[in-house]
file start-v4.txt (compact mmCIF, C-alpha atoms and all ligand atoms)
# COMPACT_ATOMS: atom_id res chain seq x y z
CA MET A 14 22.72 133.15 106.09
CA LYS A 15 25.00 131.54 108.69
CA SER A 16 27.50 134.00 110.18
CA LEU A 17 31.21 133.21 110.19
CA ASP A 18 32.71 131.46 113.22
CA ARG A 19 34.52 134.11 115.22
CA TYR A 20 38.01 133.89 116.74
CA ALA A 21 40.32 136.58 118.12
CA VAL A 22 43.56 137.31 119.90
CA PHE A 23 43.47 139.47 123.03
CA GLY A 24 46.57 141.15 124.43
CA HIS A 25 48.20 144.39 125.51
CA PRO A 26 49.92 145.64 123.46
CA ILE A 27 48.45 143.86 120.44
CA LYS A 28 49.29 146.24 117.59
CA HIS A 29 52.14 144.19 116.12
CA THR A 30 50.54 140.76 116.44
CA LYS A 31 50.97 138.41 113.49
CA SER A 32 48.25 136.03 114.69
CA PRO A 33 45.30 137.31 112.56
CA ARG A 34 47.41 137.03 109.45
CA ILE A 35 48.63 133.53 110.33
CA HIS A 36 45.13 132.25 111.10
CA ARG A 37 43.64 133.79 107.96
CA ILE A 38 46.29 132.00 105.88
CA PHE A 39 45.53 128.75 107.72
CA ALA A 40 41.79 129.23 107.09
CA GLU A 41 42.28 129.85 103.41
CA GLN A 42 44.67 126.93 103.07
CA THR A 43 42.29 124.47 104.78
CA GLY A 44 39.07 125.88 103.30
CA GLN A 45 37.64 126.88 106.70
CA ASP A 46 35.20 129.79 106.89
CA LEU A 47 36.13 131.88 109.89
CA GLU A 48 36.92 135.37 111.09
CA TYR A 49 39.97 136.15 113.26
CA THR A 50 40.59 139.62 114.68
CA ALA A 51 42.94 141.26 117.20
CA GLN A 52 41.67 143.21 120.19
CA GLU A 53 43.55 145.41 122.63
CA VAL A 54 42.53 144.12 126.08
CA THR A 55 44.22 145.13 129.33
CA VAL A 56 44.39 143.07 132.52
CA GLU A 57 41.60 145.19 133.99
CA GLN A 58 39.35 144.65 130.97
CA PHE A 59 40.06 140.94 130.56
CA GLN A 60 37.20 139.31 132.49
CA ALA A 61 34.45 141.43 130.92
CA ALA A 62 35.94 141.29 127.42
CA VAL A 63 36.27 137.48 127.38
CA ALA A 64 32.81 136.95 128.87
CA ARG A 65 31.31 139.26 126.26
CA PHE A 66 33.24 137.61 123.38
CA PHE A 67 31.83 134.17 124.19
CA ALA A 68 28.34 135.51 125.08
CA GLU A 69 28.21 137.07 121.63
CA GLY A 70 28.93 133.75 119.94
CA GLY A 71 32.76 133.72 119.76
CA LYS A 72 34.22 130.23 119.29
CA GLY A 73 37.81 130.59 120.42
CA LEU A 74 40.42 133.02 121.71
CA ASN A 75 44.14 133.33 121.83
CA CYS A 76 45.45 135.23 124.82
CA THR A 77 48.90 136.72 124.81
CA LEU A 78 50.91 138.87 127.22
CA PRO A 79 49.98 139.86 129.87
CA LEU A 80 46.77 137.82 129.89
CA LYS A 81 47.88 134.17 129.89
CA GLU A 82 47.58 133.68 133.66
CA LEU A 83 44.14 135.32 133.66
CA ALA A 84 43.04 133.05 130.81
CA TRP A 85 44.24 130.08 132.88
CA ALA A 86 42.01 131.21 135.75
CA PHE A 87 39.08 131.88 133.40
CA ALA A 88 38.96 128.43 131.75
CA ASP A 89 36.33 126.02 133.11
CA HIS A 90 38.72 123.12 132.56
CA LYS A 91 42.24 122.73 131.26
CA THR A 92 44.49 120.28 129.45
CA GLU A 93 47.30 118.74 131.51
CA ARG A 94 49.95 120.83 129.72
CA ALA A 95 47.99 124.00 130.48
CA GLN A 96 47.48 122.92 134.07
CA LEU A 97 51.24 122.46 134.53
CA SER A 98 52.23 125.69 132.80
CA LYS A 99 49.77 127.78 134.84
CA ALA A 100 49.18 129.79 131.68
CA VAL A 101 46.66 129.48 128.86
CA ASN A 102 47.12 130.90 125.37
CA THR A 103 44.11 129.19 123.78
CA LEU A 104 40.48 129.20 124.95
CA ALA A 105 38.03 127.02 123.06
CA LEU A 106 34.24 126.89 123.36
CA GLN A 107 33.11 123.29 123.88
CA ALA A 108 29.88 121.65 122.69
CA ASP A 109 28.43 121.79 126.24
CA GLY A 110 29.06 125.54 126.45
CA SER A 111 32.07 125.25 128.76
CA ILE A 112 35.44 126.87 127.97
CA LEU A 113 38.54 124.68 127.60
CA GLY A 114 41.94 126.24 128.30
CA ASP A 115 45.08 124.94 126.61
CA ASN A 116 48.67 126.09 126.25
CA THR A 117 50.12 125.41 122.81
CA ASP A 118 53.38 127.34 123.30
CA GLY A 119 55.52 124.40 124.38
CA HIS A 120 54.08 122.18 121.67
CA GLY A 121 54.91 124.94 119.17
CA LEU A 122 58.49 125.12 120.38
CA VAL A 123 59.04 121.35 120.34
CA THR A 124 57.47 121.02 116.88
CA ASP A 125 59.65 123.80 115.49
CA LEU A 126 62.79 122.25 116.98
CA THR A 127 62.11 118.62 116.10
CA SER A 128 60.02 118.73 112.90
CA ASN A 129 61.19 121.93 111.23
CA HIS A 130 64.84 121.83 112.26
CA SER A 131 65.45 118.12 112.95
CA ILE A 132 66.88 118.88 116.39
CA THR A 133 66.63 115.86 118.69
CA LEU A 134 65.75 116.52 122.33
CA SER A 135 65.74 113.01 123.73
CA ASP A 136 68.86 112.07 125.69
CA THR A 137 70.39 115.56 125.31
CA ARG A 138 71.50 118.19 127.84
CA ILE A 139 69.14 121.17 127.70
CA LEU A 140 69.48 124.55 129.42
CA ILE A 141 66.66 127.06 129.82
CA LEU A 142 67.68 130.65 130.64
CA GLY A 143 64.94 132.35 132.67
CA ALA A 144 62.30 131.11 135.11
CA GLY A 145 59.29 133.32 134.32
CA GLY A 146 56.06 132.57 132.48
CA ALA A 147 57.75 131.86 129.16
CA ALA A 148 60.02 129.23 130.74
CA ARG A 149 57.17 127.62 132.66
CA GLY A 150 55.12 127.17 129.48
CA ILE A 151 57.72 125.02 127.72
CA ILE A 152 58.97 122.72 130.48
CA ALA A 153 56.36 119.92 130.35
CA PRO A 154 56.51 119.43 126.55
CA ILE A 155 60.33 119.40 126.71
CA LEU A 156 60.39 116.83 129.52
CA GLN A 157 58.03 114.68 127.45
CA GLN A 158 60.84 114.37 124.91
CA ALA A 159 62.95 112.67 127.62
CA PRO A 160 66.10 114.80 127.65
CA GLN A 161 69.08 113.44 129.58
CA ALA A 162 68.86 116.53 131.85
CA LEU A 163 67.02 119.85 131.88
CA LEU A 164 68.56 122.71 133.84
CA ILE A 165 66.81 126.04 134.49
CA ALA A 166 69.19 128.93 135.19
CA ASN A 167 67.84 132.25 136.40
CA ARG A 168 69.11 135.60 137.70
CA THR A 169 66.94 135.11 140.81
CA ILE A 170 68.15 131.67 141.82
CA ASN A 171 65.28 130.58 144.04
CA LYS A 172 62.75 131.12 141.22
CA ALA A 173 64.67 128.57 139.12
CA VAL A 174 64.90 126.12 142.01
CA THR A 175 61.20 126.47 142.89
CA LEU A 176 60.10 126.14 139.26
CA ALA A 177 62.19 123.00 138.76
CA ALA A 178 60.73 121.50 141.94
CA GLU A 179 57.20 121.88 140.54
CA PHE A 180 58.08 119.40 137.80
CA HIS A 181 59.72 116.92 140.16
CA GLY A 182 58.95 113.38 139.10
CA LYS A 183 58.31 114.32 135.48
CA GLY A 184 61.94 114.02 134.37
CA SER A 185 65.49 115.00 135.24
CA ILE A 186 65.11 118.70 136.06
CA SER A 187 66.91 121.13 138.36
CA GLY A 188 67.38 124.87 138.88
CA CYS A 189 70.37 127.14 139.55
CA GLY A 190 71.80 130.66 139.11
CA PHE A 191 73.95 131.81 136.18
CA GLU A 192 77.14 131.52 138.27
CA ALA A 193 76.64 127.76 138.50
CA LEU A 194 76.94 127.44 134.71
CA ALA A 195 80.75 127.65 134.75
CA ASN A 196 82.28 124.43 133.34
CA ARG A 197 78.90 123.08 132.29
CA GLN A 198 77.98 122.14 128.70
CA PHE A 199 74.66 121.84 126.90
CA ASP A 200 73.48 120.52 123.54
CA LEU A 201 70.58 122.97 123.40
CA ILE A 202 70.26 126.37 125.08
CA LEU A 203 66.83 128.05 125.11
CA ASN A 204 66.51 131.70 126.00
CA ALA A 205 63.27 132.30 127.90
CA THR A 206 64.32 135.54 129.61
CA SER A 207 62.60 138.75 128.63
CA ALA A 208 66.03 140.39 128.40
CA SER A 209 66.71 139.53 124.77
CA LEU A 210 63.99 141.81 123.40
CA SER A 211 65.73 144.82 124.90
CA GLY A 212 69.05 143.63 123.51
CA GLN A 213 70.34 142.34 126.86
CA LEU A 214 71.77 138.99 127.76
CA PRO A 215 72.82 137.34 131.00
CA LEU A 216 76.59 136.87 131.19
CA LEU A 217 77.19 133.35 129.91
CA PRO A 218 80.49 131.48 130.19
CA SER A 219 82.31 130.55 127.00
CA GLY A 220 82.22 126.84 126.30
CA LEU A 221 78.63 126.60 127.55
CA LEU A 222 77.40 125.32 124.20
CA ALA A 223 78.68 121.86 123.26
CA ALA A 224 80.21 121.36 119.81
CA GLY A 225 77.37 120.88 117.32
CA GLY A 226 74.87 122.33 119.83
CA ASN A 227 71.90 124.58 119.07
CA CYS A 228 70.53 127.87 120.41
CA TYR A 229 66.90 128.99 120.38
CA ASP A 230 65.44 132.30 121.51
CA LEU A 231 61.73 132.13 122.34
CA ALA A 232 61.51 135.81 121.38
CA TYR A 233 61.67 137.04 117.81
CA GLY A 234 61.94 140.33 116.01
CA ASN A 235 62.75 141.83 112.66
CA GLU A 236 66.41 141.85 113.61
CA PRO A 237 68.32 138.89 115.11
CA THR A 238 67.99 138.98 118.90
CA ALA A 239 70.98 139.37 121.23
CA PHE A 240 70.77 135.67 122.07
CA VAL A 241 70.61 134.57 118.42
CA ARG A 242 73.81 136.58 117.88
CA TRP A 243 75.36 134.94 120.96
CA GLY A 244 74.59 131.58 119.35
CA TRP A 245 76.35 132.58 116.14
CA GLN A 246 79.38 133.82 118.10
CA ASN A 247 79.48 130.52 119.98
CA HIS A 248 79.39 128.41 116.81
CA ALA A 249 75.88 127.04 117.24
CA LYS A 250 74.85 124.61 114.53
CA ASN A 251 71.49 126.42 114.45
CA SER A 252 70.81 129.70 116.23
CA LEU A 253 67.10 130.30 115.85
CA ASP A 254 64.47 132.70 117.08
CA GLY A 255 60.84 132.09 118.01
CA LEU A 256 59.14 132.83 114.70
CA GLY A 257 58.70 129.13 113.94
CA MET A 258 57.35 128.56 117.45
CA LEU A 259 54.85 131.36 116.92
CA VAL A 260 53.49 129.75 113.75
CA GLU A 261 53.49 126.24 115.26
CA GLN A 262 51.63 127.31 118.43
CA ALA A 263 49.06 128.97 116.16
CA ALA A 264 48.71 125.79 114.10
CA GLU A 265 48.05 123.76 117.24
CA ALA A 266 45.40 126.29 118.39
CA PHE A 267 43.80 126.11 114.93
CA PHE A 268 43.73 122.32 115.23
CA ILE A 269 42.07 122.53 118.66
CA TRP A 270 39.37 124.85 117.28
CA ARG A 271 38.78 123.39 113.83
CA GLY A 272 40.01 119.78 114.00
CA VAL A 273 42.17 120.38 110.92
CA ARG A 274 45.96 120.66 110.96
CA PRO A 275 47.24 123.45 108.72
CA LYS A 276 50.59 123.26 106.94
CA THR A 277 53.07 125.63 108.55
CA GLN A 278 56.17 125.62 106.36
CA ALA A 279 54.96 128.10 103.74
CA VAL A 280 53.70 130.48 106.44
CA ILE A 281 57.04 130.42 108.27
CA GLU A 282 58.86 131.06 104.99
CA LEU A 283 56.55 133.95 104.14
CA LEU A 284 57.00 135.67 107.52
CA ASN A 285 60.74 135.04 107.36
CA SER A 286 61.08 136.54 103.92
CA GLU A 287 59.25 139.68 104.99
CA ARG A 288 61.66 140.50 107.79
CA GLN A 289 64.74 139.90 105.70
CA VAL A 290 64.02 142.73 103.26
P1 LIG B 301 57.90 136.09 130.78
O1 LIG B 301 56.45 135.81 130.96
O2 LIG B 301 58.28 136.71 129.47
O3 LIG B 301 58.75 134.90 131.12
P2 LIG B 301 58.50 137.15 133.39
O4 LIG B 301 57.60 136.15 134.01
O5 LIG B 301 58.49 138.56 133.87
O6 LIG B 301 58.23 137.27 131.82
O7 LIG B 301 59.99 136.58 133.46
C1 LIG B 301 61.06 137.25 132.90
C2 LIG B 301 62.30 136.38 133.02
O8 LIG B 301 63.40 137.05 132.37
C3 LIG B 301 62.74 136.10 134.43
O9 LIG B 301 63.34 134.84 134.49
C4 LIG B 301 63.76 137.21 134.66
O10 LIG B 301 64.70 136.93 135.68
P3 LIG B 301 64.32 137.23 137.24
O11 LIG B 301 63.39 136.13 137.65
O12 LIG B 301 65.60 137.19 137.95
O13 LIG B 301 63.64 138.59 137.25
C5 LIG B 301 64.44 137.22 133.33
N1 LIG B 301 65.15 138.48 133.03
C6 LIG B 301 64.60 139.68 132.72
N2 LIG B 301 65.56 140.59 132.47
C7 LIG B 301 66.75 139.95 132.65
C8 LIG B 301 68.13 140.34 132.52
N3 LIG B 301 68.47 141.60 132.19
N4 LIG B 301 69.08 139.41 132.75
C9 LIG B 301 68.74 138.15 133.09
N5 LIG B 301 67.46 137.71 133.22
C10 LIG B 301 66.49 138.60 133.00
call {"tool": "encode", "arguments": {"input": "start-v4.txt", "output": "structure tokens"}}
result
Amino acid sequence: MKSLDRYAVFGHPIKHTKSPRIHRIFAEQTGQDLEYTAQEVTVEQFQAAVARFFAEGGKGLNCTLPLKELAWAFADHKTERAQLSKAVNTLALQADGSILGDNTDGHGLVTDLTSNHSITLSDTRILILGAGGAARGIIAPILQQAPQALLIANRTINKAVTLAAEFHGKGSISGCGFEALANRQFDLILNATSASLSGQLPLLPSGLLAAGGNCYDLAYGNEPTAFVRWGWQNHAKNSLDGLGMLVEQAAEAFFIWRGVRPKTQAVIELLNSERQV
């Protein structure tokens, strides 16, 4: 009997991951026979654990915090979006035995914004708060949507300026500190700082969000994040968290592995309903 194709998510911590559940629903929905598990893997264990997973016949891996940069280094070759983001969340075994690295996070974000919430990015003013790994992963897919301008604001100013410079020539992009946000206005504000999870927010000037503008926190939790609440207080048309992005990045990984695109809406609704009880 042929054994099931094996997939997994590696991360640390991994206890609360929703990925196995999401991928099992996708597999059932599309009639794909596969197994998807979660494994606690630290930075120190990463190299040996990934090598062993593929040596034992594994077909594909998701890598989450803090392993995305290591996965980027591990991949034999990478998609352009992964190359630019310097982080890989999806490893896929290829027919020739090599390992392809991709980053589906930015695609997940853009799909959630544009397809699920009908938020247009082209010709709009977009602000990203934060200049770490989460911010880096979403820049190229956002620039592909041709915004009027993309500004990265960060507590450590030179990280924002340096990050923006890396994408020079790929669109209108610049970096600054939070102080420079006074008297500026944006149609979409994305929170890519890690502050929101601990209930913290950078001090943001009032009037930063244009009338009819939207807010999106890349993080998500059972409760609304500090930034989602900031969006409500600042009259955002939509103030969303990253649950939809999570499901959409998983769908794109599933497509890379299986060549079939799962439907995401019902999965997003299911996960949403569970945290509202
Ligand atoms: P991630 O991979 O989640 O992006 P990271 O690479 O450590 O994590 O980056 C965290 C980001 O959140 C950084 O932009 C960080 O700002 P600094 O570069 O100045 O450190 C930002 N951040 C974390 N805590 C913050 C806070 N309390 N206020 C503002 N920004 C914060």
call {"tool": "closest_residue", "arguments": {"input": "start-v4.txt", "among": "A:Ala177, A:Ile170, A:Phe267, A:Leu203", "to": "Cys189 of chain A", "atoms": "all atoms listed in the file"}}
result
A:Ile170
call {"tool": "residues_around", "arguments": {"input": "start-v4.txt", "residues": "Glu69 of chain A", "least_positions_apart": "5", "cutoff": "10 Å", "atoms": "all atoms listed in the file", "output": "PyMOL selection string"}}
result
chain A and resi 19+63-64
call {"tool": "residues_around", "arguments": {"input": "start-v4.txt", "residues": "Ala105 of chain A", "least_positions_apart": "4", "cutoff": "8 Å", "atoms": "all atoms listed in the file", "output": "VMD selection string"}}
result
chain A and resid 72 to 74 112 to 114 269 to 270
call {"tool": "residues_near_ligand", "arguments": {"input": "start-v4.txt", "ligand": "ligand LIG 301 (chain B)", "cutoff": "7 Å", "atoms": "all atoms listed in the file", "output": "VMD selection string"}}
result
chain A and resid 143 to 148 167 to 169 172 205 to 208 213 to 215
call {"tool": "write_last_selection", "arguments": {"input": "start-v4.txt", "atoms": "C-alpha atoms", "output": "mmCIF file, in the coordinates of the input"}}
result
data_model
loop_
_atom_site.group_PDB
_atom_site.id
_atom_site.type_symbol
_atom_site.label_atom_id
_atom_site.label_comp_id
_atom_site.auth_asym_id
_atom_site.auth_seq_id
_atom_site.Cartn_x
_atom_site.Cartn_y
_atom_site.Cartn_z
ATOM 1 C CA GLY A 143 64.940 132.350 132.670
ATOM 2 C CA ALA A 144 62.300 131.110 135.110
ATOM 3 C CA GLY A 145 59.290 133.320 134.320
ATOM 4 C CA GLY A 146 56.060 132.570 132.480
ATOM 5 C CA ALA A 147 57.750 131.860 129.160
ATOM 6 C CA ALA A 148 60.020 129.230 130.740
ATOM 7 C CA ASN A 167 67.840 132.250 136.400
ATOM 8 C CA ARG A 168 69.110 135.600 137.700
ATOM 9 C CA THR A 169 66.940 135.110 140.810
ATOM 10 C CA LYS A 172 62.750 131.120 141.220
ATOM 11 C CA ALA A 205 63.270 132.300 127.900
ATOM 12 C CA THR A 206 64.320 135.540 129.610
ATOM 13 C CA SER A 207 62.600 138.750 128.630
ATOM 14 C CA ALA A 208 66.030 140.390 128.400
ATOM 15 C CA GLN A 213 70.340 142.340 126.860
ATOM 16 C CA LEU A 214 71.770 138.990 127.760
ATOM 17 C CA PRO A 215 72.820 137.340 131.000
#
call {"tool": "closest_residue", "arguments": {"input": "start-v4.txt", "among": "A:Arg34, A:Thr77, A:Ala21, A:Leu104", "to": "Leu283 of chain A", "atoms": "all atoms listed in the file"}}
result
A:Arg34
call {"tool": "atom_distance", "arguments": {"input": "start-v4.txt", "atom1": "atom CA of Leu126 of chain A", "atom2": "atom CA of Ile155 of chain A"}}
result
10.4 Å
call {"tool": "closest_residue", "arguments": {"input": "start-v4.txt", "among": "A:Gln60, A:Gln157, A:Gln42, A:Gln107", "to": "Gly182 of chain A", "atoms": "only C-alpha atoms"}}
result
A:Gln157
call {"tool": "build_atoms", "arguments": {"input": "start-v4.txt", "residues": "segment 28-39 of chain A", "atoms": "all heavy atoms", "output": "PDB file, in the frame of the given file"}}
result
ATOM      1  N   LYS A  28      49.151 145.603 118.902  1.00  0.00           N
ATOM      2  CA  LYS A  28      49.290 146.240 117.590  1.00  0.00           C
ATOM      3  C   LYS A  28      50.123 145.434 116.595  1.00  0.00           C
ATOM      4  O   LYS A  28      49.783 145.333 115.424  1.00  0.00           O
ATOM      5  CB  LYS A  28      49.926 147.627 117.796  1.00  0.00           C
ATOM      6  CG  LYS A  28      49.620 148.602 116.697  1.00  0.00           C
ATOM      7  CD  LYS A  28      49.896 150.034 117.149  1.00  0.00           C
ATOM      8  CE  LYS A  28      50.477 150.823 115.994  1.00  0.00           C
ATOM      9  NZ  LYS A  28      51.541 151.708 116.443  1.00  0.00           N
ATOM     10  N   HIS A  29      51.218 144.840 117.067  1.00  0.00           N
ATOM     11  CA  HIS A  29      52.140 144.190 116.120  1.00  0.00           C
ATOM     12  C   HIS A  29      51.889 142.699 115.972  1.00  0.00           C
ATOM     13  O   HIS A  29      52.704 141.995 115.386  1.00  0.00           O
ATOM     14  CB  HIS A  29      53.581 144.448 116.550  1.00  0.00           C
ATOM     15  CG  HIS A  29      53.930 145.911 116.510  1.00  0.00           C
ATOM     16  ND1 HIS A  29      54.000 146.611 115.325  1.00  0.00           N
ATOM     17  CD2 HIS A  29      54.181 146.798 117.494  1.00  0.00           C
ATOM     18  CE1 HIS A  29      54.302 147.869 115.586  1.00  0.00           C
ATOM     19  NE2 HIS A  29      54.397 148.017 116.897  1.00  0.00           N
ATOM     20  N   THR A  30      50.765 142.202 116.490  1.00  0.00           N
ATOM     21  CA  THR A  30      50.540 140.760 116.440  1.00  0.00           C
ATOM     22  C   THR A  30      50.461 140.241 114.998  1.00  0.00           C
ATOM     23  O   THR A  30      49.876 140.870 114.118  1.00  0.00           O
ATOM     24  CB  THR A  30      49.259 140.367 117.197  1.00  0.00           C
ATOM     25  OG1 THR A  30      49.112 138.938 117.103  1.00  0.00           O
ATOM     26  CG2 THR A  30      48.017 141.006 116.602  1.00  0.00           C
ATOM     27  N   LYS A  31      51.042 139.058 114.800  1.00  0.00           N
ATOM     28  CA  LYS A  31      50.970 138.410 113.490  1.00  0.00           C
ATOM     29  C   LYS A  31      49.858 137.357 113.457  1.00  0.00           C
ATOM     30  O   LYS A  31      49.612 136.745 112.426  1.00  0.00           O
ATOM     31  CB  LYS A  31      52.306 137.740 113.165  1.00  0.00           C
ATOM     32  CG  LYS A  31      53.473 138.719 113.033  1.00  0.00           C
ATOM     33  CD  LYS A  31      54.739 137.965 112.635  1.00  0.00           C
ATOM     34  CE  LYS A  31      55.991 138.806 112.802  1.00  0.00           C
ATOM     35  NZ  LYS A  31      56.031 139.991 111.959  1.00  0.00           N
ATOM     36  N   SER A  32      49.204 137.140 114.602  1.00  0.00           N
ATOM     37  CA  SER A  32      48.250 136.030 114.690  1.00  0.00           C
ATOM     38  C   SER A  32      47.084 136.115 113.700  1.00  0.00           C
ATOM     39  O   SER A  32      46.757 135.103 113.069  1.00  0.00           O
ATOM     40  CB  SER A  32      47.713 135.907 116.118  1.00  0.00           C
ATOM     41  OG  SER A  32      48.754 135.514 116.971  1.00  0.00           O
ATOM     42  N   PRO A  33      46.418 137.293 113.517  1.00  0.00           N
ATOM     43  CA  PRO A  33      45.300 137.310 112.560  1.00  0.00           C
ATOM     44  C   PRO A  33      45.749 136.891 111.164  1.00  0.00           C
ATOM     45  O   PRO A  33      45.067 136.123 110.490  1.00  0.00           O
ATOM     46  CB  PRO A  33      44.856 138.782 112.582  1.00  0.00           C
ATOM     47  CG  PRO A  33      45.271 139.283 113.930  1.00  0.00           C
ATOM     48  CD  PRO A  33      46.564 138.577 114.230  1.00  0.00           C
ATOM     49  N   ARG A  34      46.906 137.370 110.769  1.00  0.00           N
ATOM     50  CA  ARG A  34      47.410 137.030 109.450  1.00  0.00           C
ATOM     51  C   ARG A  34      47.660 135.520 109.327  1.00  0.00           C
ATOM     52  O   ARG A  34      47.274 134.878 108.362  1.00  0.00           O
ATOM     53  CB  ARG A  34      48.720 137.811 109.247  1.00  0.00           C
ATOM     54  CG  ARG A  34      49.276 137.640 107.902  1.00  0.00           C
ATOM     55  CD  ARG A  34      49.647 138.974 107.276  1.00  0.00           C
ATOM     56  NE  ARG A  34      50.249 138.695 105.999  1.00  0.00           N
ATOM     57  CZ  ARG A  34      51.559 138.705 105.803  1.00  0.00           C
ATOM     58  NH1 ARG A  34      52.377 139.036 106.767  1.00  0.00           N
ATOM     59  NH2 ARG A  34      52.022 138.391 104.618  1.00  0.00           N
ATOM     60  N   ILE A  35      48.310 134.956 110.351  1.00  0.00           N
ATOM     61  CA  ILE A  35      48.630 133.530 110.330  1.00  0.00           C
ATOM     62  C   ILE A  35      47.347 132.701 110.244  1.00  0.00           C
ATOM     63  O   ILE A  35      47.222 131.785 109.423  1.00  0.00           O
ATOM     64  CB  ILE A  35      49.454 133.125 111.586  1.00  0.00           C
ATOM     65  CG1 ILE A  35      50.829 133.807 111.564  1.00  0.00           C
ATOM     66  CG2 ILE A  35      49.593 131.619 111.692  1.00  0.00           C
ATOM     67  CD1 ILE A  35      51.613 133.684 112.874  1.00  0.00           C
ATOM     68  N   HIS A  36      46.362 133.042 111.077  1.00  0.00           N
ATOM     69  CA  HIS A  36      45.130 132.250 111.100  1.00  0.00           C
ATOM     70  C   HIS A  36      44.309 132.425 109.824  1.00  0.00           C
ATOM     71  O   HIS A  36      43.638 131.488 109.382  1.00  0.00           O
ATOM     72  CB  HIS A  36      44.310 132.573 112.356  1.00  0.00           C
ATOM     73  CG  HIS A  36      44.857 131.882 113.564  1.00  0.00           C
ATOM     74  ND1 HIS A  36      44.625 130.555 113.828  1.00  0.00           N
ATOM     75  CD2 HIS A  36      45.676 132.314 114.546  1.00  0.00           C
ATOM     76  CE1 HIS A  36      45.260 130.208 114.939  1.00  0.00           C
ATOM     77  NE2 HIS A  36      45.904 131.266 115.400  1.00  0.00           N
ATOM     78  N   ARG A  37      44.354 133.614 109.230  1.00  0.00           N
ATOM     79  CA  ARG A  37      43.640 133.790 107.960  1.00  0.00           C
ATOM     80  C   ARG A  37      44.281 132.954 106.868  1.00  0.00           C
ATOM     81  O   ARG A  37      43.586 132.375 106.025  1.00  0.00           O
ATOM     82  CB  ARG A  37      43.612 135.270 107.581  1.00  0.00           C
ATOM     83  CG  ARG A  37      42.615 136.067 108.431  1.00  0.00           C
ATOM     84  CD  ARG A  37      42.735 137.545 108.188  1.00  0.00           C
ATOM     85  NE  ARG A  37      42.199 138.300 109.315  1.00  0.00           N
ATOM     86  CZ  ARG A  37      42.561 139.539 109.625  1.00  0.00           C
ATOM     87  NH1 ARG A  37      43.452 140.185 108.899  1.00  0.00           N
ATOM     88  NH2 ARG A  37      42.016 140.144 110.664  1.00  0.00           N
ATOM     89  N   ILE A  38      45.608 132.857 106.880  1.00  0.00           N
ATOM     90  CA  ILE A  38      46.290 132.000 105.880  1.00  0.00           C
ATOM     91  C   ILE A  38      45.909 130.537 106.123  1.00  0.00           C
ATOM     92  O   ILE A  38      45.593 129.799 105.195  1.00  0.00           O
ATOM     93  CB  ILE A  38      47.819 132.192 105.929  1.00  0.00           C
ATOM     94  CG1 ILE A  38      48.194 133.632 105.592  1.00  0.00           C
ATOM     95  CG2 ILE A  38      48.496 131.228 104.949  1.00  0.00           C
ATOM     96  CD1 ILE A  38      49.675 133.961 105.772  1.00  0.00           C
ATOM     97  N   PHE A  39      45.926 130.127 107.396  1.00  0.00           N
ATOM     98  CA  PHE A  39      45.530 128.750 107.720  1.00  0.00           C
ATOM     99  C   PHE A  39      44.105 128.465 107.234  1.00  0.00           C
ATOM    100  O   PHE A  39      43.809 127.395 106.680  1.00  0.00           O
ATOM    101  CB  PHE A  39      45.560 128.518 109.239  1.00  0.00           C
ATOM    102  CG  PHE A  39      46.933 128.413 109.858  1.00  0.00           C
ATOM    103  CD1 PHE A  39      47.081 128.512 111.234  1.00  0.00           C
ATOM    104  CD2 PHE A  39      48.069 128.200 109.091  1.00  0.00           C
ATOM    105  CE1 PHE A  39      48.332 128.405 111.836  1.00  0.00           C
ATOM    106  CE2 PHE A  39      49.327 128.093 109.678  1.00  0.00           C
ATOM    107  CZ  PHE A  39      49.445 128.202 111.058  1.00  0.00           C
TER     108      PHE A  39
END
